[in-house]
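To be precise, the following lines are run_25.cif, and they hold mmCIF, C-alpha atoms.
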```cif
data_input
loop_
_atom_site.label_atom_id
_atom_site.label_comp_id
_atom_site.auth_asym_id
_atom_site.auth_seq_id
_atom_site.Cartn_x
_atom_site.Cartn_y
_atom_site.Cartn_z
CA MET R 1 -15.39 1.26 -12.97
CA LEU R 2 -13.41 -1.89 -13.61
CA ASN R 3 -12.32 -4.09 -10.73
CA ILE R 4 -9.13 -6.12 -10.96
CA TYR R 5 -8.23 -9.00 -8.66
CA CYS R 6 -4.81 -8.48 -7.06
CA PRO R 7 -3.25 -11.90 -6.37
CA HIS R 8 -1.11 -10.42 -3.58
CA CYS R 9 -3.86 -8.52 -1.74
CA SER R 10 -6.30 -11.35 -2.59
CA GLU R 11 -9.20 -9.04 -3.30
CA MET R 12 -10.82 -7.02 -6.06
CA ARG R 13 -9.48 -3.49 -6.29
CA SER R 14 -10.38 -0.49 -8.40
CA GLU R 15 -8.64 -0.22 -11.76
CA GLU R 16 -7.31 3.23 -10.88
CA GLU R 17 -4.94 1.61 -8.36
CA PHE R 18 -3.20 -0.31 -11.14
CA HIS R 19 -0.84 0.38 -14.00
CA ALA R 20 -0.27 -1.80 -17.04
CA HIS R 21 3.31 -2.51 -18.08
CA GLY R 22 2.87 -4.21 -21.43
CA GLN R 23 3.48 -7.73 -22.58
CA ALA R 24 4.39 -10.37 -19.99
CA HIS R 25 6.66 -13.42 -20.17
CA ILE R 26 9.45 -11.74 -22.12
CA ALA R 27 12.56 -13.73 -21.30
CA ARG R 28 15.87 -11.90 -21.33
CA PRO R 29 18.36 -13.67 -23.62
CA GLU R 30 20.74 -15.86 -21.59
CA ASP R 31 23.79 -14.35 -23.25
CA PRO R 32 23.09 -10.84 -24.61
CA GLY R 33 26.57 -10.68 -26.14
CA ALA R 34 25.80 -13.63 -28.38
CA CYS R 35 22.58 -12.11 -29.74
CA SER R 36 22.36 -10.79 -33.26
CA ASP R 37 21.16 -7.21 -33.66
CA ALA R 38 17.83 -8.55 -34.87
CA GLU R 39 17.39 -10.81 -31.81
CA TRP R 40 18.39 -8.07 -29.39
CA GLY R 41 16.19 -5.49 -31.13
CA ASP R 42 13.31 -7.95 -30.99
CA TYR R 43 13.83 -8.42 -27.24
CA ILE R 44 14.13 -4.71 -26.48
CA PHE R 45 11.60 -3.09 -28.78
CA PHE R 46 9.19 -5.46 -30.48
CA ARG R 47 5.99 -6.55 -28.78
CA ASP R 48 3.03 -8.65 -29.84
CA ASN R 49 -0.19 -6.84 -30.58
CA PRO R 50 -2.73 -9.63 -30.71
CA ARG R 51 -6.44 -9.34 -31.29
CA GLY R 52 -7.71 -11.57 -28.50
CA ILE R 53 -5.94 -13.17 -25.55
CA HIS R 54 -2.97 -11.18 -24.28
CA HIS R 55 -0.77 -11.87 -21.26
CA GLU R 56 0.28 -8.61 -19.62
CA LEU R 57 2.37 -7.32 -16.77
CA TRP R 58 0.47 -5.15 -14.30
CA VAL R 59 1.47 -3.45 -11.07
CA HIS R 60 -0.75 -2.66 -8.10
CA SER R 61 0.90 0.72 -7.76
CA ALA R 62 -1.40 2.34 -5.21
CA GLY R 63 -1.80 -0.80 -3.10
CA CYS R 64 0.85 -3.42 -2.40
CA ARG R 65 3.14 -2.10 -5.19
CA LYS R 66 3.78 -5.62 -6.47
CA PHE R 67 3.87 -6.78 -10.07
CA PHE R 68 1.64 -9.58 -11.30
CA ASN R 69 0.43 -10.95 -14.63
CA ALA R 70 -3.02 -10.61 -16.12
CA THR R 71 -4.60 -12.37 -19.06
CA ARG R 72 -6.76 -9.86 -20.89
CA HIS R 73 -8.89 -10.03 -23.99
CA THR R 74 -7.86 -7.06 -26.11
CA VAL R 75 -11.21 -6.80 -27.88
CA THR R 76 -13.60 -7.04 -24.93
CA TYR R 77 -11.12 -5.81 -22.29
CA GLU R 78 -12.28 -8.74 -20.16
CA ILE R 79 -9.60 -9.73 -17.65
CA LEU R 80 -9.80 -13.52 -17.64
CA GLU R 81 -7.36 -14.16 -14.79
CA THR R 82 -4.54 -12.64 -12.78
CA TYR R 83 -1.63 -14.64 -11.44
CA LYS R 84 1.65 -14.05 -9.65
CA ILE R 85 5.00 -13.60 -11.35
CA GLY R 86 6.59 -16.98 -12.01
CA GLU R 87 3.27 -18.78 -12.40
CA LYS R 88 1.95 -20.04 -15.71
CA PRO R 89 -1.37 -18.75 -17.09
CA SER R 90 -4.26 -21.22 -17.09
CA VAL R 91 -6.13 -19.27 -19.78
CA THR R 92 -4.24 -19.16 -23.06
CA GLU R 93 -5.04 -18.82 -26.75
CA ALA R 94 -4.97 -22.62 -27.01
CA SER R 95 -7.19 -23.25 -23.97
CA VAL R 96 -9.77 -20.72 -25.20
CA ALA R 97 -9.74 -22.27 -28.69
CA ALA R 98 -10.16 -25.77 -27.20
CA ALA R 99 -13.06 -24.61 -25.00
CA LYS R 100 -14.70 -22.96 -28.02
CA ALA R 101 -14.26 -26.08 -30.16
CA SER R 102 -15.78 -28.36 -27.51
CA ALA R 103 -18.70 -25.94 -27.01
CA GLU R 104 -19.36 -25.92 -30.75
CA GLY R 105 -19.08 -29.72 -30.82
CA VAL R 106 -21.76 -29.96 -28.13
CA THR R 107 -24.17 -27.62 -29.89
CA ALA R 108 -23.59 -29.25 -33.32
CA MET J 1 24.86 -7.72 11.15
CA SER J 2 25.40 -5.97 7.87
CA ASN J 3 27.42 -2.80 7.79
CA VAL J 4 24.48 -0.42 7.82
CA ASN J 5 24.77 3.08 9.18
CA VAL J 6 22.17 3.02 11.93
CA TYR J 7 21.99 6.22 13.89
CA LYS J 8 19.54 8.27 15.85
CA GLN J 9 17.84 10.28 13.15
CA ARG J 10 16.03 12.63 15.50
CA PRO J 11 18.45 13.79 18.19
CA ASP J 12 16.91 14.69 21.53
CA ALA J 13 18.32 18.21 21.44
CA ALA J 14 16.88 19.09 18.04
CA GLN J 15 13.43 20.60 17.76
CA ALA J 16 11.37 18.41 15.45
CA GLU J 17 8.55 19.77 13.35
CA SER J 18 5.74 17.51 12.23
CA PRO J 19 4.57 17.63 8.59
CA LEU J 20 1.55 19.68 9.73
CA PHE J 21 3.58 22.04 11.89
CA HIS J 22 2.66 24.96 9.64
CA ALA J 23 -1.06 24.35 10.22
CA SER J 24 -0.65 25.12 13.95
CA LEU J 25 -3.20 22.47 14.90
CA HIS J 26 -2.63 23.11 18.61
CA GLU J 27 -4.11 26.60 18.18
CA LEU J 28 -7.27 25.13 16.66
CA VAL J 29 -8.03 22.73 19.49
CA GLY J 30 -11.50 23.35 20.86
CA LYS J 31 -12.35 25.97 18.23
CA GLY J 32 -14.25 23.57 15.99
CA SER J 33 -17.96 22.89 15.99
CA ARG J 34 -19.56 21.77 19.27
CA ASN J 35 -21.19 18.56 18.02
CA ALA J 36 -18.53 17.66 15.51
CA GLY J 37 -19.07 14.51 13.48
CA VAL J 38 -15.36 14.28 12.82
CA ASN J 39 -12.49 14.65 15.24
CA LEU J 40 -9.02 15.02 13.80
CA ARG J 41 -5.81 14.45 15.66
CA GLU J 42 -2.31 14.33 14.32
CA LYS J 43 -0.35 11.55 15.99
CA LYS J 44 2.82 13.42 15.28
CA LEU J 45 6.48 12.52 15.39
CA LEU J 46 5.98 8.79 15.95
CA GLY J 47 8.67 6.34 14.92
CA HIS J 48 7.88 4.75 11.55
CA LEU J 49 10.02 1.81 10.43
CA THR J 50 9.69 -0.04 7.16
CA LEU J 51 10.57 -3.68 7.65
CA ARG J 52 11.18 -6.02 4.74
CA GLY J 53 11.95 -9.71 4.71
CA ASP J 54 10.74 -13.11 3.63
CA ALA J 55 7.40 -13.86 5.30
CA SER J 56 7.62 -17.55 4.41
CA ASP J 57 10.90 -17.92 6.29
CA PRO J 58 10.15 -19.13 9.84
CA THR J 59 13.41 -17.68 11.20
CA PHE J 60 12.35 -14.23 9.99
CA ALA J 61 8.89 -14.52 11.55
CA SER J 62 10.28 -15.81 14.84
CA GLY J 63 12.97 -13.12 14.85
CA VAL J 64 10.34 -10.40 14.47
CA HIS J 65 8.26 -12.02 17.18
CA SER J 66 11.17 -12.20 19.60
CA ALA J 67 12.08 -8.53 18.99
CA LEU J 68 8.58 -7.07 19.04
CA GLY J 69 6.39 -9.64 20.78
CA MET J 70 4.03 -9.44 17.81
CA GLU J 71 3.21 -11.85 15.04
CA LEU J 72 3.64 -10.72 11.45
CA PRO J 73 0.18 -9.69 10.25
CA VAL J 74 -1.30 -11.36 7.17
CA ALA J 75 -2.42 -9.51 4.05
CA LEU J 76 -4.36 -6.27 4.59
CA THR J 77 -4.31 -6.46 8.36
CA LEU J 78 -2.83 -4.60 11.28
CA THR J 79 -1.79 -5.90 14.67
CA SER J 80 -1.15 -3.65 17.60
CA SER J 81 0.04 -3.92 21.13
CA GLY J 82 -0.23 -0.77 23.21
CA ASP J 83 1.07 2.16 21.18
CA THR J 84 3.05 -0.08 18.83
CA SER J 85 1.49 -1.33 15.63
CA LEU J 86 2.67 -3.60 12.84
CA GLN J 87 0.92 -3.41 9.50
CA TRP J 88 1.11 -5.54 6.34
CA MET J 89 2.08 -3.34 3.40
CA SER J 90 2.91 -5.94 0.76
CA PRO J 91 3.88 -9.64 0.78
CA ASP J 92 7.40 -8.83 1.95
CA GLU J 93 6.96 -5.44 3.61
CA TRP J 94 5.52 -4.23 6.92
CA LEU J 95 5.16 -0.84 8.56
CA LEU J 96 6.07 -0.70 12.21
CA ILE J 97 4.93 2.35 14.16
CA VAL J 98 6.35 2.86 17.63
CA PRO J 99 5.99 5.69 20.16
CA SER J 100 8.09 8.78 19.56
CA GLY J 101 11.73 8.33 20.52
CA GLU J 102 11.67 4.54 20.63
CA GLU J 103 12.44 3.97 16.96
CA PHE J 104 16.21 3.85 17.35
CA ALA J 105 16.13 1.26 20.14
CA VAL J 106 13.53 -0.84 18.32
CA GLU J 107 15.52 -0.76 15.09
CA GLN J 108 18.63 -1.96 16.90
CA LYS J 109 16.65 -4.69 18.62
CA LEU J 110 15.21 -5.87 15.31
CA ARG J 111 18.61 -5.82 13.61
CA GLU J 112 20.02 -7.91 16.43
CA ALA J 113 17.17 -10.44 16.27
CA LEU J 114 17.37 -10.68 12.48
CA ALA J 115 21.15 -10.64 12.20
CA GLY J 116 22.48 -12.55 9.21
CA GLN J 117 19.17 -12.62 7.38
CA HIS J 118 18.28 -10.98 4.08
CA ILE J 119 16.22 -8.13 5.51
CA SER J 120 15.87 -4.37 5.38
CA ILE J 121 14.83 -1.92 8.06
CA VAL J 122 14.47 1.72 7.13
CA ASN J 123 13.53 4.54 9.43
CA VAL J 124 10.92 6.55 7.50
CA SER J 125 9.72 8.61 10.46
CA GLY J 126 10.56 11.89 8.78
CA GLY J 127 8.71 11.02 5.61
CA GLN J 128 5.22 10.36 6.85
CA THR J 129 2.77 11.08 9.61
CA LEU J 130 -0.37 9.63 11.11
CA LEU J 131 -3.76 11.34 11.23
CA GLU J 132 -6.41 9.90 13.48
CA LEU J 133 -10.03 10.54 12.55
CA SER J 134 -12.72 9.63 15.04
CA GLY J 135 -16.41 10.31 15.25
CA SER J 136 -19.70 9.09 13.89
CA LYS J 137 -19.29 10.76 10.49
CA VAL J 138 -15.75 9.68 9.66
CA ARG J 139 -16.96 6.91 7.38
CA GLU J 140 -19.00 9.47 5.41
CA VAL J 141 -15.85 11.54 4.91
CA LEU J 142 -13.93 8.48 3.74
CA MET J 143 -16.75 7.55 1.36
CA LYS J 144 -16.46 10.99 -0.23
CA SER J 145 -12.73 10.67 -0.59
CA THR J 146 -11.82 7.18 -1.72
CA SER J 147 -13.16 4.63 -4.19
CA TYR J 148 -12.34 1.82 -1.78
CA ASP J 149 -15.34 0.26 -0.01
CA VAL J 150 -15.15 1.37 3.63
CA HIS J 151 -18.34 -0.38 4.76
CA PRO J 152 -17.64 -2.47 7.89
CA SER J 153 -18.55 -5.65 5.99
CA ASN J 154 -15.60 -5.02 3.68
CA PHE J 155 -13.42 -2.97 6.01
CA PRO J 156 -13.63 -4.42 9.53
CA VAL J 157 -11.63 -3.13 12.48
CA GLY J 158 -8.04 -4.33 12.14
CA LYS J 159 -7.91 -4.00 8.38
CA ALA J 160 -5.50 -1.62 6.68
CA VAL J 161 -5.24 -0.86 2.97
CA ALA J 162 -3.14 1.36 0.77
CA THR J 163 -5.33 3.04 -1.80
CA HIS J 164 -6.25 6.24 -3.56
CA PHE J 165 -7.65 9.07 -1.49
CA ALA J 166 -8.77 12.31 -3.12
CA LYS J 167 -6.17 12.80 -5.84
CA ALA J 168 -3.33 11.23 -3.88
CA GLN J 169 -2.44 7.96 -2.21
CA LEU J 170 -2.30 6.92 1.42
CA VAL J 171 -2.90 4.09 3.84
CA ILE J 172 -6.25 3.78 5.60
CA ARG J 173 -6.31 1.83 8.87
CA HIS J 174 -9.47 0.92 10.74
CA THR J 175 -8.48 0.89 14.40
CA GLY J 176 -11.81 1.17 16.22
CA GLU J 177 -15.50 1.16 15.40
CA HIS J 178 -15.53 4.90 14.78
CA THR J 179 -11.78 5.43 14.67
CA TRP J 180 -9.69 5.43 11.53
CA GLU J 181 -6.08 6.31 10.89
CA LEU J 182 -4.50 7.72 7.77
CA VAL J 183 -0.80 7.24 7.10
CA ILE J 184 0.14 10.14 4.85
CA ARG J 185 3.28 11.26 3.12
CA ARG J 186 4.92 14.40 4.41
CA SER J 187 4.76 16.06 1.01
CA PHE J 188 1.02 15.40 0.76
CA SER J 189 0.18 16.41 4.33
CA ASP J 190 -0.96 19.93 3.47
CA TYR J 191 -3.13 18.62 0.63
CA PHE J 192 -4.81 16.09 2.91
CA TRP J 193 -5.26 18.68 5.64
CA LEU J 194 -7.03 21.04 3.23
CA TRP J 195 -9.02 18.17 1.74
CA LEU J 196 -10.17 16.87 5.12
CA GLN J 197 -11.23 20.34 6.27
CA ASP J 198 -13.36 20.69 3.17
CA ALA J 199 -14.73 17.15 3.17
CA SER J 200 -15.70 17.21 6.84
CA ALA J 201 -17.10 20.76 6.88
CA GLU J 202 -20.68 19.55 6.44
CA PHE J 203 -20.40 17.20 9.45
CA GLY J 204 -18.46 19.60 11.66
CA LEU J 205 -14.75 19.24 12.30
CA ASN J 206 -13.04 19.41 15.63
CA ILE J 207 -9.30 19.29 16.21
CA SER J 208 -8.11 17.42 19.27
CA GLN J 209 -4.69 17.02 20.69
#
```
Could you write out this structure as structure tokens?
Amino acid sequence: MLNIYCPHCSEMRSEEEFHAHGQAHIARPEDPGACSDAEWGDYIFFRDNPRGIHHELWVHSAGCRKFFNATRHTVTYEILETYKIGEKPSVTEASVAAAKASAEGVTA
Amino acid sequence: MSNVNVYKQRPDAAQAESPLFHASLHELVGKGSRNAGVNLREKKLLGHLTLRGDASDPTFASGVHSALGMELPVALTLTSSGDTSLQWMSPDEWLLIVPSGEEFAVEQKLREALAGQHISIVNVSGGQTLLELSGSKVREVLMKSTSYDVHPSNFPVGKAVATHFAKAQLVIRHTGEHTWELVIRRSFSDYFWLWLQDASAEFGLNISQ
């Protein structure tokens, strides 16, 4: 059983209480009328499918019923952090790459 | 005050039926096992109000305090005063349970105290009910039914969580050392009633009124 930290309830809860809602941080175009079909189609339908760090929208549907963001590794399924809507992730592709580079620098 | 249609949803003259009316719990009182490990009581037809507002706004918190005489509880907790209880449901939502028949007056009082603010008060009395489980084996029944850790170190008295229970969802409230309350949806009440009978059969179940 996987436990996920809910930033609203401030405790670890069972995965079965949560639902994933896909990619996070998708900004709605300021002026939808000015979008080209390609831009609008990209916003509505197209999502990233990375192999590695992925920022996702989750909802604590059986608990506080609030949405929050989670940073998950799509290969290991490790959830690196969860944070409230409106906050910026502290773990990103760049931060993980930098940490890896410095670790390799130390060992080399 | 916003132009909300606030009215007495359960008129005095009408005969109200609790969600477990069909189970005729009153006929089962005293017919359970003698040394029952689990006592079940439906706290029926109470007034349930869902209150929403901005917890970080001091005028909202003070308005609630002036209307109810209770502080807004913090995450995953429950405060109670007499038969009235206020429970945290989510960062901007609380469940207020008041004695039967008082919900209309309390709602009006709250609306008056919170007039002009961005709030919501909804009477959900008809949609849910409260089951009280007491006895030495209640925790064993809960352990069989939910994945949430109900050990006192994780679930002290005064805590309340919404979680999965059997194959449905509800709210578990720890109100006394051996007393727990379940807030259940009307549509799930029969399922929970059947589930609880089965889950507590090995410890002995007694229905009280």
What does the PyMOL selection byres ((chain R) within 7 of (chain J)) select in this file, as a PDB file with C-alpha atoms, keeping the file's coordinate frame?
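Output file expr28.pdb follows:
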```
ATOM      1  CA  HIS R   8      -1.110 -10.420  -3.580  1.00  0.00           C
ATOM      2  CA  CYS R   9      -3.860  -8.520  -1.740  1.00  0.00           C
ATOM      3  CA  GLU R  17      -4.940   1.610  -8.360  1.00  0.00           C
ATOM      4  CA  ALA R  62      -1.400   2.340  -5.210  1.00  0.00           C
ATOM      5  CA  GLY R  63      -1.800  -0.800  -3.100  1.00  0.00           C
ATOM      6  CA  CYS R  64       0.850  -3.420  -2.400  1.00  0.00           C
TER       7      CYS R  64
END
```
Figure out the distance between atom CA of Arg65 of chain R and atom CA of Asn49 of chain R, please, to one decimal in Å.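 Computing the Euclidean distance for atom CA of Asn49 of chain R and atom CA of Arg65 of chain R yields 26.0 Å.
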Convert the output of the PyMOL selection byres ((chain J and resi 40-42) around 12) on the shown file into explicit residues, formatted as a VMD selection string. chain J and resid 18 to 21 23 to 26 28 to 30 32 36 to 39 43 to 46 128 to 135 137 to 138 141 179 to 184 189 192 to 193 196 to 197 200 204 to 209
Carefully work through the PyMOL selection byres ((chain R and resi 87) around 12) for this structure and note down the residues it includes, as a VMD selection string. chain R and resid 7 24 to 25 55 68 to 70 81 to 86 88 to 91
For atom CA of Val96 of chain R and atom CA of Arg28 of chain R, quote the distance in Å rounded to one decimal.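 It comes out at 27.4 Å.
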Residue nearest Ala20 of chain R - candidates R:Ser36, R:Thr71, R:Ser102, R:Thr76, atoms counted: only C-alpha atoms: R:Thr71
For atom CA of Ser95 of chain R and atom CA of Glu39 of chain R, the interatomic separation in Å (one decimal):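 Atom-to-atom, atom CA of Ser95 of chain R to atom CA of Glu39 of chain R, that is 28.6 Å.
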Point out the residue among R:Leu80, R:Glu56, R:Ala27, R:Arg72 with the least atom-to-atom distance to Asp42 of chain R, counting only C-alpha atoms. R:Ala27
Near Pro156 of chain J, counting all atoms listed in the file, which residues have an atom at most 9 Å away, once you skip same-chain residues fewer than 6 positions from it, shown as a PyMOL selection string? chain J and resi 150+174-177
Could you pull the residues within 8 Å of segment 110-112 of chain J, counting only C-alpha atoms, minus those fewer than 4 positions along the same chain, as a list of chain:residue names?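 Near segment 110-112 of chain J, the qualifying residues are J:Met1, J:Gly63, J:Val64, J:Ala67, J:Leu68, J:Val106, J:Ile121.
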Which centre and which edge lengths, in Å to one decimal, describe the axis-aligned box that holds all listed atoms of segment 6-19 of chain R after 6 Å is added on each side, as JSON?
```
{"center_x": -5.8, "center_y": -4.3, "center_z": -7.9, "size_x": 22.0, "size_y": 27.1, "size_z": 24.3}
```
